[in-house]
Amino acid sequence: MLQIDDKLVSLDLIERFFLCDLSCCKGACCVEGDAGAPLEKAEFDLLRKILPEVWDDLSPEAQAVVKKQGVGYIDQEGEIVTSIVNGKDCVFTYYDKNGICKCAIEKAYHEKRIDFYKPISCHLYPIRVARLRTLQAVNYHRWKICSAAEMLGRQEKVPVYRFLREPLIRKFGQAWYDELDTCAQIYLAQKK
């Protein structure tokens with residue numbers, strides 16, 4: 001572990017490799033799991049506000065879930081998460097012509113219909129951030145659906161933290177990311 005400010009960073013972010021390969025996984029991280037995507041309270045409120053802008057991109061099943069339950073719910077751990085369809089798909093997913101699961105929020109952002117990219121937990125994935133009293137733990141979540149991304153990342157030599165540079169900066173700021181990058185380079189040089 002590295003500590004940068006009040007964040008405990010798993011060495012997996014530096015030692016492991018990752019590069020999304022949607023052609024292999026088909027966006028399974030938006031479908032698999034035991035709950036929806038974690039949301040910050042402000043994001044939950046914002047999703048309710050932007051809902052009309054993404055509504056037509058949602059499946060009829062997702063629209064029915066949102067009408068009944070809303071854009072999110074409280075999961076078993078007491079966290080706010082996105083609502084899900086049939087116990088799997090996030091309500092904000094849609095499928096492209098190649099059967100790849102994508103995010104309707106991100107689509108609306110790229111089409112300049114909204115100015116919110118997507119929930120930070122989604123943008124950061126496969127990094128998960130957990131609160132520990134006065135610290136935050138920044139961990140790499142590994143599971144089988146991302147094995148193709150790990151292989152491609154290893155092949156291209158892209159560490160997890162570099163692949164997720166943009167969302168890490170969005171979450172913690174440029175100065176924090178620069179410090180992480182410096183620490184990573186020193187750590188890797190010492191390992192040789």
# chains A, B, ... in the order shown; residues from 1 in each chain; ligands from 1
call {"tool": "select_by_dssp", "arguments": {"residues": "region 42-166 of chain A", "states": "strand (DSSP E)", "output": "MDAnalysis selection string"}}
result
chainID A and resid 72:74 80:82 84:85 89:90 93:95 101:103 127:132 135:140
call {"tool": "write_last_selection", "arguments": {"atoms": "C-alpha atoms", "output": "short mmCIF file (atom, residue, chain, number, x, y, z; two decimals), in the first residue's frame"}}
result
data_model
loop_
_atom_site.label_atom_id
_atom_site.label_comp_id
_atom_site.auth_asym_id
_atom_site.auth_seq_id
_atom_site.Cartn_x
_atom_site.Cartn_y
_atom_site.Cartn_z
CA GLY A 72 -31.53 4.19 -7.71
CA TYR A 73 -32.10 2.34 -4.46
CA ILE A 74 -30.35 1.52 -1.17
CA ILE A 80 -27.15 4.25 -2.94
CA VAL A 81 -26.79 2.34 -6.24
CA THR A 82 -28.35 2.57 -9.69
CA ILE A 84 -31.13 -2.64 -12.20
CA VAL A 85 -33.24 -4.58 -14.67
CA ASP A 89 -28.39 -4.65 -16.24
CA CYS A 90 -27.97 -1.12 -14.89
CA THR A 93 -27.42 0.61 -20.20
CA TYR A 94 -28.20 0.14 -23.86
CA TYR A 95 -26.80 -2.25 -26.46
CA CYS A 101 -23.46 -2.95 -23.49
CA LYS A 102 -22.86 0.80 -23.19
CA CYS A 103 -23.90 3.70 -20.98
CA ILE A 127 -11.02 0.79 -9.25
CA ARG A 128 -13.25 0.87 -6.20
CA VAL A 129 -12.98 3.51 -3.46
CA ALA A 130 -14.05 2.65 0.08
CA ARG A 131 -14.22 4.88 3.14
CA LEU A 132 -12.20 3.77 6.18
CA LEU A 135 -9.01 7.44 5.09
CA GLN A 136 -10.15 6.23 1.70
CA ALA A 137 -8.99 2.89 0.29
CA VAL A 138 -8.32 2.91 -3.46
CA ASN A 139 -8.40 -0.71 -4.65
CA TYR A 140 -8.33 -2.64 -7.89
#
call {"tool": "residues_around", "arguments": {"residues": "Ala42 (chain A)", "least_positions_apart": "5", "cutoff": "12 Å", "atoms": "only C-alpha atoms", "output": "VMD selection string"}}
result
chain A and resid 47 to 49 80 116 119 to 120
call {"tool": "write_last_selection", "arguments": {"atoms": "C-alpha atoms", "output": "PDB file, in the first residue's frame"}}
result
ATOM      1  CA  LEU A  47     -29.466  11.363 -12.428  1.00  0.00           C
ATOM      2  CA  ARG A  48     -33.059  12.199 -11.517  1.00  0.00           C
ATOM      3  CA  LYS A  49     -32.588  15.641 -13.069  1.00  0.00           C
ATOM      4  CA  ILE A  80     -27.145   4.253  -2.944  1.00  0.00           C
ATOM      5  CA  PHE A 116     -22.437  14.958 -16.702  1.00  0.00           C
ATOM      6  CA  PRO A 119     -21.206   8.251 -12.126  1.00  0.00           C
ATOM      7  CA  ILE A 120     -17.632   8.363 -10.840  1.00  0.00           C
TER       8      ILE A 120
END
call {"tool": "atom_distance", "arguments": {"atom1": "CA of Asp6 (chain A)", "atom2": "CA of Ile186 (chain A)"}}
result
19.8 Å
call {"tool": "closest_residue", "arguments": {"among": "A:Cys24, A:Ala175, A:Val158, A:Cys146", "to": "Tyr125 (chain A)", "atoms": "only C-alpha atoms"}}
result
A:Cys146
call {"tool": "residues_around", "arguments": {"residues": "Ser83 (chain A)", "least_positions_apart": "2", "cutoff": "12 Å", "atoms": "only C-alpha atoms", "output": "ChimeraX atom specification"}}
result
/A:30-31,34-39,44,47-48,61-75,79-81,85-93
call {"tool": "atom_distance", "arguments": {"atom1": "CA of Glu43 (chain A)", "atom2": "CA of Arg113 (chain A)"}}
result
16.8 Å
call {"tool": "residues_around", "arguments": {"residues": "region 147-156 of chain A", "least_positions_apart": "6", "cutoff": "10 Å", "atoms": "only C-alpha atoms", "output": "PDB file with N, CA, C and O atoms, in the first residue's frame"}}
result
ATOM      1  N   ARG A  16      -0.313  -4.159 -11.590  1.00  0.00           N
ATOM      2  CA  ARG A  16      -1.172  -4.894 -12.529  1.00  0.00           C
ATOM      3  C   ARG A  16      -1.459  -4.044 -13.761  1.00  0.00           C
ATOM      4  O   ARG A  16      -1.351  -2.828 -13.734  1.00  0.00           O
ATOM      5  N   PHE A  17      -1.878  -4.735 -14.827  1.00  0.00           N
ATOM      6  CA  PHE A  17      -2.124  -4.074 -16.104  1.00  0.00           C
ATOM      7  C   PHE A  17      -3.599  -4.195 -16.481  1.00  0.00           C
ATOM      8  O   PHE A  17      -4.264  -5.163 -16.118  1.00  0.00           O
ATOM      9  N   PHE A  18      -4.076  -3.201 -17.253  1.00  0.00           N
ATOM     10  CA  PHE A  18      -5.492  -3.188 -17.620  1.00  0.00           C
ATOM     11  C   PHE A  18      -5.705  -2.291 -18.831  1.00  0.00           C
ATOM     12  O   PHE A  18      -5.177  -1.188 -18.905  1.00  0.00           O
ATOM     13  N   LEU A  19      -6.488  -2.782 -19.769  1.00  0.00           N
ATOM     14  CA  LEU A  19      -6.885  -2.000 -20.943  1.00  0.00           C
ATOM     15  C   LEU A  19      -8.190  -2.606 -21.443  1.00  0.00           C
ATOM     16  O   LEU A  19      -8.201  -3.727 -21.956  1.00  0.00           O
ATOM     17  N   CYS A  20      -9.301  -1.896 -21.254  1.00  0.00           N
ATOM     18  CA  CYS A  20     -10.616  -2.442 -21.621  1.00  0.00           C
ATOM     19  C   CYS A  20     -10.604  -2.985 -23.039  1.00  0.00           C
ATOM     20  O   CYS A  20     -10.030  -2.390 -23.943  1.00  0.00           O
ATOM     21  N   ASP A  21     -11.246  -4.132 -23.212  1.00  0.00           N
ATOM     22  CA  ASP A  21     -11.367  -4.780 -24.512  1.00  0.00           C
ATOM     23  C   ASP A  21     -12.840  -5.124 -24.701  1.00  0.00           C
ATOM     24  O   ASP A  21     -13.265  -6.258 -24.492  1.00  0.00           O
ATOM     25  N   LEU A  22     -13.626  -4.111 -25.063  1.00  0.00           N
ATOM     26  CA  LEU A  22     -15.074  -4.281 -25.181  1.00  0.00           C
ATOM     27  C   LEU A  22     -15.476  -5.335 -26.196  1.00  0.00           C
ATOM     28  O   LEU A  22     -16.535  -5.949 -26.066  1.00  0.00           O
ATOM     29  N   SER A  23     -14.625  -5.579 -27.175  1.00  0.00           N
ATOM     30  CA  SER A  23     -14.969  -6.608 -28.164  1.00  0.00           C
ATOM     31  C   SER A  23     -15.004  -7.997 -27.522  1.00  0.00           C
ATOM     32  O   SER A  23     -15.697  -8.880 -28.004  1.00  0.00           O
ATOM     33  N   CYS A  24     -14.279  -8.170 -26.425  1.00  0.00           N
ATOM     34  CA  CYS A  24     -14.280  -9.461 -25.718  1.00  0.00           C
ATOM     35  C   CYS A  24     -15.322  -9.519 -24.605  1.00  0.00           C
ATOM     36  O   CYS A  24     -16.067 -10.489 -24.496  1.00  0.00           O
ATOM     37  N   CYS A  25     -15.372  -8.505 -23.776  1.00  0.00           N
ATOM     38  CA  CYS A  25     -16.254  -8.561 -22.593  1.00  0.00           C
ATOM     39  C   CYS A  25     -17.664  -8.076 -22.874  1.00  0.00           C
ATOM     40  O   CYS A  25     -18.578  -8.349 -22.105  1.00  0.00           O
ATOM     41  N   PHE A 163      -4.263   3.556 -17.133  1.00  0.00           N
ATOM     42  CA  PHE A 163      -5.479   3.380 -17.922  1.00  0.00           C
ATOM     43  C   PHE A 163      -6.596   4.264 -17.359  1.00  0.00           C
ATOM     44  O   PHE A 163      -7.402   4.822 -18.096  1.00  0.00           O
TER      45      PHE A 163
END
call {"tool": "atom_distance", "arguments": {"atom1": "CA of Leu188 (chain A)", "atom2": "CA of Gly173 (chain A)"}}
result
22.6 Å
call {"tool": "select_by_dssp", "arguments": {"residues": "chain A", "states": "alpha helix (DSSP H)", "output": "number ranges by chain"}}
result
A: 12-15, 22-25, 41-54, 60-69, 104-110, 120-124, 147-156, 160-163, 165-172, 174-191
call {"tool": "residues_around", "arguments": {"residues": "Ile114 (chain A)", "least_positions_apart": "4", "cutoff": "9 Å", "atoms": "only C-alpha atoms", "output": "list of chain:residue names"}}
result
A:Ile50, A:Glu53, A:Val54, A:Ile105, A:Glu106, A:Ala108, A:Tyr109, A:His110
call {"tool": "write_last_selection", "arguments": {"atoms": "all heavy atoms", "output": "CSV table (one decimal), in the first residue's frame"}}
result
chain,number,residue,atom,x,y,z
A,50,ILE,N,-31.4,14.6,-14.9
A,50,ILE,CA,-31.1,14.4,-16.4
A,50,ILE,C,-31.9,13.3,-17.0
A,50,ILE,O,-31.8,13.1,-18.2
A,50,ILE,CB,-29.6,14.1,-16.6
A,50,ILE,CG1,-29.1,12.8,-15.9
A,50,ILE,CG2,-28.7,15.3,-16.1
A,50,ILE,CD1,-27.8,12.3,-16.4
A,53,GLU,N,-33.4,13.5,-20.5
A,53,GLU,CA,-32.5,13.6,-21.6
A,53,GLU,C,-32.0,12.3,-22.0
A,53,GLU,O,-31.5,12.1,-23.2
A,53,GLU,CB,-31.3,14.5,-21.2
A,53,GLU,CG,-31.6,15.9,-20.9
A,53,GLU,CD,-32.3,16.6,-22.1
A,53,GLU,OE1,-31.9,16.4,-23.2
A,53,GLU,OE2,-33.1,17.5,-21.8
A,54,VAL,N,-32.0,11.3,-21.2
A,54,VAL,CA,-31.6,9.9,-21.5
A,54,VAL,C,-32.7,8.9,-21.7
A,54,VAL,O,-32.5,7.8,-22.1
A,54,VAL,CB,-30.5,9.4,-20.5
A,54,VAL,CG1,-29.3,10.3,-20.5
A,54,VAL,CG2,-31.1,9.2,-19.1
A,105,ILE,N,-25.9,7.4,-20.3
A,105,ILE,CA,-25.5,8.7,-19.7
A,105,ILE,C,-24.3,9.2,-20.5
A,105,ILE,O,-24.3,10.3,-20.9
A,105,ILE,CB,-25.2,8.6,-18.2
A,105,ILE,CG1,-26.4,8.0,-17.4
A,105,ILE,CG2,-24.7,9.9,-17.7
A,105,ILE,CD1,-26.0,7.5,-16.0
A,106,GLU,N,-23.3,8.3,-20.7
A,106,GLU,CA,-22.1,8.7,-21.4
A,106,GLU,C,-22.5,9.1,-22.9
A,106,GLU,O,-21.9,10.0,-23.4
A,106,GLU,CB,-21.1,7.5,-21.4
A,106,GLU,CG,-19.8,7.8,-22.0
A,106,GLU,CD,-18.8,6.7,-21.9
A,106,GLU,OE1,-19.1,5.7,-21.2
A,106,GLU,OE2,-17.7,6.9,-22.5
A,108,ALA,N,-25.3,10.4,-24.0
A,108,ALA,CA,-25.9,11.7,-23.9
A,108,ALA,C,-24.8,12.8,-23.7
A,108,ALA,O,-24.9,13.9,-24.3
A,108,ALA,CB,-27.0,11.8,-22.9
A,109,TYR,N,-23.8,12.5,-22.9
A,109,TYR,CA,-22.7,13.4,-22.7
A,109,TYR,C,-22.0,13.7,-24.0
A,109,TYR,O,-21.7,14.8,-24.3
A,109,TYR,CB,-21.8,12.9,-21.6
A,109,TYR,CG,-20.6,13.7,-21.4
A,109,TYR,CD1,-20.6,14.8,-20.6
A,109,TYR,CD2,-19.4,13.4,-22.0
A,109,TYR,CE1,-19.4,15.6,-20.4
A,109,TYR,CE2,-18.2,14.1,-21.9
A,109,TYR,CZ,-18.3,15.2,-21.0
A,109,TYR,OH,-17.1,16.0,-20.9
A,110,HIS,N,-21.6,12.6,-24.7
A,110,HIS,CA,-20.9,12.8,-25.9
A,110,HIS,C,-21.7,13.5,-27.0
A,110,HIS,O,-21.1,14.1,-27.9
A,110,HIS,CB,-20.3,11.4,-26.4
A,110,HIS,CG,-19.2,10.9,-25.6
A,110,HIS,ND1,-18.0,11.6,-25.5
A,110,HIS,CD2,-19.1,9.8,-24.9
A,110,HIS,CE1,-17.2,10.9,-24.7
A,110,HIS,NE2,-17.8,9.8,-24.3
call {"tool": "closest_residue", "arguments": {"among": "A:Tyr161, A:Phe172, A:Tyr177, A:Trp143", "to": "Glu32 (chain A)", "atoms": "only C-alpha atoms"}}
result
A:Trp143
